[in-house]
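Okay, work-v9.txt is below, compact mmCIF, C-alpha atoms:
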# COMPACT_ATOMS: atom_id res chain seq x y z
CA MET Z 1 0.00 0.00 0.00
CA PRO Z 2 1.38 3.49 -0.84
CA THR Z 3 2.68 5.52 2.02
CA ALA Z 4 2.52 9.24 2.63
CA PRO Z 5 5.41 11.36 1.34
CA SER Z 6 7.84 12.90 3.77
CA GLN Z 7 7.32 16.54 4.68
CA ALA Z 8 9.20 18.94 2.43
CA ALA Z 9 10.98 21.96 3.73
CA GLY Z 10 9.38 25.35 3.29
CA THR Z 11 5.75 24.20 3.18
CA THR Z 12 4.66 25.21 6.65
CA ARG Z 13 4.21 28.66 8.17
CA THR Z 14 3.82 30.17 11.60
CA SER Z 15 0.24 30.09 12.83
CA LEU Z 16 -1.31 33.53 12.47
CA HIS Z 17 -3.50 33.22 15.55
CA GLY Z 18 -1.96 30.42 17.57
CA HIS Z 19 -4.10 28.87 20.29
CA HIS Z 20 -4.68 31.75 22.67
CA GLU Z 21 -7.92 31.51 24.66
CA SER Z 22 -9.50 34.19 22.45
CA VAL Z 23 -8.84 32.01 19.41
CA LEU Z 24 -10.15 28.80 21.00
CA ARG Z 25 -13.20 30.76 22.15
CA SER Z 26 -14.12 31.11 18.50
CA HIS Z 27 -13.03 27.64 17.43
CA SER Z 28 -14.99 25.96 20.24
CA TRP Z 29 -18.18 27.72 19.06
CA ARG Z 30 -17.99 26.06 15.66
CA THR Z 31 -20.30 23.16 14.94
CA ALA Z 32 -21.00 21.00 11.93
CA ALA Z 33 -24.32 22.84 11.59
CA ASN Z 34 -22.89 26.38 11.53
CA SER Z 35 -19.63 25.57 9.76
CA ALA Z 36 -20.12 22.51 7.54
CA GLY Z 37 -23.76 22.59 6.51
CA TYR Z 38 -22.85 22.26 2.82
CA LEU Z 39 -21.32 18.82 3.56
CA LEU Z 40 -23.85 17.26 5.91
CA GLY Z 41 -26.33 16.03 3.28
CA SER Z 42 -23.57 13.94 1.69
CA LEU Z 43 -22.61 12.00 4.82
CA GLU Z 44 -23.45 8.32 5.32
CA PRO Z 45 -23.33 6.37 8.61
CA GLY Z 46 -20.31 4.20 7.79
CA MET Z 47 -17.96 6.82 6.37
CA ARG Z 48 -14.34 7.32 7.41
CA ILE Z 49 -13.63 11.05 7.70
CA LEU Z 50 -10.47 13.11 8.15
CA ASP Z 51 -10.97 16.51 9.82
CA VAL Z 52 -7.88 18.53 8.88
CA VAL Z 53 -6.67 21.02 11.53
CA CYS Z 54 -9.45 20.04 13.93
CA GLY Z 55 -8.60 22.49 16.72
CA PRO Z 56 -10.60 21.81 19.91
CA GLY Z 57 -12.60 19.13 18.08
CA THR Z 58 -16.16 20.47 18.19
CA ILE Z 59 -16.77 19.93 14.46
CA THR Z 60 -14.90 16.60 14.65
CA ALA Z 61 -17.24 15.39 17.38
CA ASP Z 62 -20.32 16.51 15.47
CA LEU Z 63 -19.15 14.64 12.38
CA ALA Z 64 -18.52 11.52 14.48
CA GLU Z 65 -22.10 11.64 15.75
CA LEU Z 66 -23.31 11.77 12.15
CA VAL Z 67 -21.32 8.67 11.09
CA PRO Z 68 -21.99 6.32 14.04
CA ASP Z 69 -20.84 3.25 12.11
CA GLY Z 70 -17.79 5.02 10.70
CA HIS Z 71 -14.78 6.82 12.14
CA VAL Z 72 -13.49 10.40 12.26
CA THR Z 73 -9.81 11.29 12.60
CA GLY Z 74 -8.92 14.79 13.77
CA LEU Z 75 -5.51 16.07 12.64
CA GLU Z 76 -3.64 19.06 14.09
CA ARG Z 77 -0.19 20.58 13.65
CA ALA Z 78 -0.26 21.80 17.26
CA PRO Z 79 -0.25 18.83 19.67
CA GLY Z 80 -1.24 20.97 22.64
CA VAL Z 81 -4.82 21.57 21.49
CA LEU Z 82 -5.45 17.86 20.87
CA GLY Z 83 -5.99 17.33 24.59
CA GLN Z 84 -9.04 19.57 24.38
CA ALA Z 85 -10.22 17.76 21.23
CA ARG Z 86 -9.93 14.37 22.93
CA ALA Z 87 -11.79 15.72 25.95
CA THR Z 88 -14.60 16.99 23.71
CA ALA Z 89 -15.02 13.53 22.18
CA ALA Z 90 -14.81 11.82 25.57
CA GLU Z 91 -17.44 14.10 27.10
CA ARG Z 92 -19.84 13.06 24.34
CA GLY Z 93 -19.01 9.38 24.76
CA LEU Z 94 -17.72 9.04 21.19
CA ALA Z 95 -15.71 5.89 20.61
CA ASN Z 96 -15.41 6.42 16.84
CA THR Z 97 -12.85 9.24 16.95
CA GLY Z 98 -9.08 9.43 16.93
CA PHE Z 99 -6.61 12.31 16.92
CA THR Z 100 -3.11 12.70 15.55
CA VAL Z 101 -0.45 15.31 14.78
CA GLY Z 102 0.39 16.07 11.16
CA ASP Z 103 0.77 18.62 8.37
CA VAL Z 104 -1.81 19.04 5.61
CA HIS Z 105 1.03 19.48 3.09
CA ALA Z 106 2.23 15.93 3.84
CA LEU Z 107 -0.57 13.94 5.43
CA PRO Z 108 0.60 10.88 7.41
CA PHE Z 109 -1.86 8.45 5.80
CA PRO Z 110 -1.77 6.00 2.89
CA ASP Z 111 -3.50 6.77 -0.38
CA GLY Z 112 -7.27 6.34 -0.41
CA THR Z 113 -7.72 6.09 3.37
CA PHE Z 114 -10.82 8.27 3.79
CA CYS Z 115 -14.30 8.65 2.32
CA VAL Z 116 -14.34 12.36 3.19
CA VAL Z 117 -11.54 14.84 3.89
CA HIS Z 118 -12.81 18.03 5.52
CA ALA Z 119 -10.98 21.31 6.18
CA HIS Z 120 -12.60 24.32 7.83
CA GLN Z 121 -10.73 27.65 7.86
CA VAL Z 122 -7.49 25.89 6.93
CA LEU Z 123 -6.46 26.82 3.39
CA GLN Z 124 -6.33 30.54 4.16
CA HIS Z 125 -3.47 29.83 6.56
CA VAL Z 126 -1.30 27.31 4.72
CA ALA Z 127 1.79 28.03 2.65
CA ASP Z 128 0.64 26.10 -0.43
CA PRO Z 129 -3.14 25.55 -0.62
CA VAL Z 130 -2.92 23.76 -3.98
CA ARG Z 131 -0.43 21.26 -2.58
CA ALA Z 132 -2.64 20.85 0.48
CA LEU Z 133 -5.63 20.04 -1.71
CA ARG Z 134 -3.55 17.53 -3.69
CA GLU Z 135 -2.65 15.82 -0.44
CA MET Z 136 -6.29 15.82 0.61
CA ARG Z 137 -7.15 14.23 -2.75
CA ARG Z 138 -4.39 11.64 -2.35
CA VAL Z 139 -5.76 10.31 0.92
CA THR Z 140 -9.37 10.32 -0.32
CA ARG Z 141 -10.67 7.09 -1.84
CA PRO Z 142 -11.91 7.09 -5.46
CA GLY Z 143 -15.41 8.53 -5.50
CA GLY Z 144 -14.89 10.17 -2.11
CA LEU Z 145 -15.41 13.80 -1.15
CA ILE Z 146 -13.13 16.74 -0.36
CA ALA Z 147 -14.85 19.54 1.55
CA ALA Z 148 -13.27 22.92 2.29
CA ARG Z 149 -14.72 26.13 3.68
CA ASP Z 150 -12.81 29.38 4.21
CA ALA Z 151 -13.65 32.93 5.13
CA ASP Z 152 -13.06 35.78 2.71
CA TYR Z 153 -11.85 38.76 4.71
CA ALA Z 154 -12.19 41.35 1.95
CA ALA Z 155 -15.87 40.38 1.68
CA MET Z 156 -16.57 40.88 5.39
CA THR Z 157 -19.02 43.72 5.92
CA TRP Z 158 -20.50 45.52 8.88
CA TYR Z 159 -22.67 48.38 10.06
CA PRO Z 160 -22.35 51.07 11.19
CA PRO Z 161 -19.30 52.23 9.25
CA SER Z 162 -16.12 52.25 11.32
CA GLN Z 163 -12.77 53.66 10.27
CA GLY Z 164 -11.24 51.68 13.11
CA LEU Z 165 -12.55 48.39 11.70
CA ASP Z 166 -11.46 49.45 8.20
CA ASP Z 167 -7.95 49.92 9.61
CA TRP Z 168 -8.16 46.57 11.43
CA LEU Z 169 -9.13 44.73 8.25
CA ASN Z 170 -6.41 46.34 6.13
CA LEU Z 171 -3.81 45.50 8.78
CA TYR Z 172 -5.06 41.96 9.23
CA ARG Z 173 -4.86 41.19 5.52
CA ARG Z 174 -1.33 42.61 5.32
CA VAL Z 175 -0.08 40.60 8.30
CA ALA Z 176 -1.70 37.41 7.01
CA ARG Z 177 -0.07 37.75 3.59
CA ALA Z 178 3.30 38.62 5.09
CA GLY Z 179 3.10 35.30 6.94
CA GLY Z 180 2.45 33.38 3.74
CA GLY Z 181 -1.33 33.02 3.96
CA GLU Z 182 -4.23 34.30 1.85
CA PRO Z 183 -6.97 35.96 3.92
CA ASP Z 184 -9.31 36.25 0.93
CA ALA Z 185 -9.32 32.49 0.48
CA GLY Z 186 -13.05 31.97 0.12
CA ARG Z 187 -13.21 33.34 -3.41
CA ARG Z 188 -10.14 31.33 -4.45
CA LEU Z 189 -11.21 27.84 -3.33
CA LYS Z 190 -12.62 26.75 -6.69
CA SER Z 191 -9.54 28.01 -8.53
CA TRP Z 192 -7.21 26.22 -6.12
CA ALA Z 193 -9.27 23.03 -6.43
CA LEU Z 194 -9.01 23.11 -10.22
CA ALA Z 195 -5.26 23.70 -10.01
CA ALA Z 196 -5.01 20.69 -7.68
CA GLY Z 197 -6.72 18.47 -10.26
CA LEU Z 198 -10.05 18.11 -8.46
CA THR Z 199 -13.11 17.43 -10.59
CA ASP Z 200 -16.90 17.62 -10.22
CA ILE Z 201 -16.54 20.67 -7.99
CA THR Z 202 -19.60 22.30 -6.43
CA ALA Z 203 -18.74 25.82 -5.23
CA THR Z 204 -21.12 27.53 -2.81
CA SER Z 205 -21.07 30.18 -0.10
CA SER Z 206 -22.63 30.84 3.30
CA THR Z 207 -22.31 33.40 6.06
CA TRP Z 208 -22.02 33.87 9.77
CA THR Z 209 -23.97 36.91 10.93
CA PHE Z 210 -23.65 38.63 14.31
CA SER Z 211 -26.25 41.20 15.34
CA ALA Z 212 -28.12 40.25 18.53
CA PRO Z 213 -26.66 41.80 21.70
CA GLU Z 214 -25.05 38.57 22.95
CA GLU Z 215 -23.68 37.85 19.47
CA ARG Z 216 -22.12 41.31 19.21
CA ARG Z 217 -20.56 41.05 22.68
CA TRP Z 218 -19.08 37.64 21.89
CA TRP Z 219 -17.78 38.43 18.38
CA SER Z 220 -16.37 41.86 19.22
CA GLY Z 221 -14.85 40.64 22.48
CA LEU Z 222 -12.97 37.72 20.98
CA TRP Z 223 -11.63 39.85 18.13
CA ALA Z 224 -10.59 42.65 20.47
CA ASP Z 225 -8.70 40.13 22.59
CA ARG Z 226 -7.28 38.28 19.60
CA THR Z 227 -5.96 41.53 18.12
CA VAL Z 228 -3.81 42.32 21.16
CA LEU Z 229 -3.24 38.98 22.91
CA SER Z 230 -2.87 36.20 20.32
CA SER Z 231 0.23 35.39 18.30
CA TYR Z 232 -1.19 37.69 15.61
CA ALA Z 233 -0.22 40.67 17.78
CA ALA Z 234 3.41 39.56 17.98
CA LEU Z 235 3.55 38.93 14.22
CA ALA Z 236 2.08 42.37 13.53
CA VAL Z 237 4.52 44.19 15.80
CA ASP Z 238 7.64 42.11 15.17
CA GLY Z 239 7.01 42.25 11.42
CA GLY Z 240 6.92 46.05 11.49
CA HIS Z 241 3.28 46.22 10.39
CA ALA Z 242 1.87 47.92 13.48
CA THR Z 243 2.70 49.38 16.85
CA ARG Z 244 1.13 48.18 20.06
CA GLU Z 245 -0.81 51.44 20.10
CA ARG Z 246 -2.31 50.71 16.68
CA LEU Z 247 -3.37 47.26 17.83
CA GLU Z 248 -4.97 48.71 20.95
CA ALA Z 249 -6.84 51.19 18.74
CA ALA Z 250 -8.12 48.34 16.59
CA ALA Z 251 -9.24 46.43 19.68
CA GLY Z 252 -11.04 49.57 20.86
CA ALA Z 253 -12.83 49.83 17.51
CA TRP Z 254 -14.07 46.28 17.96
CA ARG Z 255 -15.39 47.04 21.44
CA ASP Z 256 -17.06 50.25 20.21
CA TRP Z 257 -18.80 48.34 17.41
CA GLY Z 258 -19.93 45.64 19.82
CA ALA Z 259 -21.58 48.26 22.05
CA ARG Z 260 -23.74 49.60 19.20
CA ASP Z 261 -27.39 48.56 19.33
CA ASP Z 262 -27.52 48.78 15.53
CA GLY Z 263 -24.34 46.73 15.07
CA TRP Z 264 -24.38 44.05 12.36
CA PHE Z 265 -21.46 41.99 11.03
CA ALA Z 266 -21.43 39.34 8.28
CA VAL Z 267 -18.62 36.93 7.43
CA LEU Z 268 -18.79 35.46 3.91
CA HIS Z 269 -17.36 31.97 3.41
CA GLY Z 270 -16.55 30.19 0.18
CA GLU Z 271 -17.12 26.42 0.07
CA ILE Z 272 -16.13 23.60 -2.25
CA LEU Z 273 -17.36 20.04 -2.30
Please lay out the structure from this file as structure tokens.
Amino acid sequence: MPTAPSQAAGTTRTSLHGHHESVLRSHSWRTAANSAGYLLGSLEPGMRILDVVCGPGTITADLAELVPDGHVTGLERAPGVLGQARATAAERGLANTGFTVGDVHALPFPDGTFCVVHAHQVLQHVADPVRALREMRRVTRPGGLIAARDADYAAMTWYPPSQGLDDWLNLYRRVARAGGGEPDAGRRLKSWALAAGLTDITATSSTWTFSAPEERRWWSGLWADRTVLSSYAALAVDGGHATRERLEAAAGAWRDWGARDDGWFAVLHGEIL
């Protein structure tokens, strides 16, 4: 049976956000329903699924519940967060999950291992999304499915207008690209999939929307904290893109928006299946 290729140099990059609590606060909120709805109608009870960069494992656990006769493997580059993922699965009594460390550019599995390979908010962060998709295709069995969903930062929109959030978005996109990522990944997914040799591609989109008071508090609070406390802040300052004062101003803009009764924020995502 074919084995996975060894990891090549230069294909990984420093995580933009890391695993600060403000980042995991967002990742732990994600479910299969709010983050993988475009995939759910294609799942069957006995499928073997790979969840690439599974984070704290909330989507992984949801997928496992939907394939009770199958198995879901969660893969992460950062071994530290896998403890939380395993705990999530254990709390739900899921025996059909497993977790491992690996890199999407060189997946540690033989060819044709999985029925479905799923990646949520992954390709925007990787050094070579086309290579990543080729690897995802390699470990997918013939006739299987590759599912990817990514935000598109340039397409994010909000009300009321905020120069502070405009500045935040421009800075975020610059820092992300300096680190080797592509923050406007959503619109590029179909193009990357074609370049990777994928066929029969269905390209769709969906949104997260935050407007109710509790939604605004949660979304603005995690982004305010992420802007000044996560590894993004160090990359922005150390890379010469911003001062600490500019980051604090951006965090303040997030808090100001979150306090507005008329606040509304939408995050567009591209999807391929």
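Nearest to Trp223 of chain Z of all the residues Z:Ala266, Z:Trp168, Z:Arg188, Z:Glu245 is Z:Trp168, based on all atoms listed in the file.
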Requested in this report: Give me, please, the distance in Å between atom CA of Thr157 of chain Z and atom CA of Ala253 of chain Z, quoted to one decimal.
Outcome: 14.5 Å
**Report entry** Between atom CA of Asn96 of chain Z and atom CA of Asp69 of chain Z, distance in Å (one decimal)
**Finding:** 7.9 Å
Enumerate, in order of chain and increasing residue number, the residues of segment 175-195 of chain Z with an atom no farther than 9 Å from segment 146-150 of chain Z, each with its shortest atom pair and distance in Å to one decimal, counting all atoms listed in the file, as a tab-separated table.
residue	atom	partner	partner_atom	distance
Z:Pro183	CA	Z:Asp150	CA	8.8
Z:Asp184	CA	Z:Asp150	CA	8.4
Z:Ala185	CA	Z:Asp150	CA	6.0
Z:Gly186	CA	Z:Asp150	CA	4.8
Z:Arg187	CA	Z:Asp150	CA	8.6
Z:Leu189	CA	Z:Ala148	CA	7.7
**Report entry** For Thr100 of chain Z, the nearest of the candidates Z:Gly179, Z:Gly70, Z:Gly55, Z:Gly143, counting all atoms listed in the file
**Finding:**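 Looking at the shortest contact to Thr100 of chain Z, the residue is Z:Gly55.
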Query raised in the report: For Arg174 of chain Z, which residue among Z:Phe109, Z:Ser191, Z:Ala242, Z:Val117 is the nearest when counting only C-alpha atoms?
Result: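 Among Z:Phe109, Z:Ser191, Z:Ala242, Z:Val117, it is Z:Ala242 that comes nearest to Arg174 of chain Z.
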Report task. Find, counting only C-alpha atoms, the residue in Z:His71, Z:Thr227, Z:Gly83, Z:Leu169 that gets nearest to Thr243 of chain Z. Result -> Z:Thr227
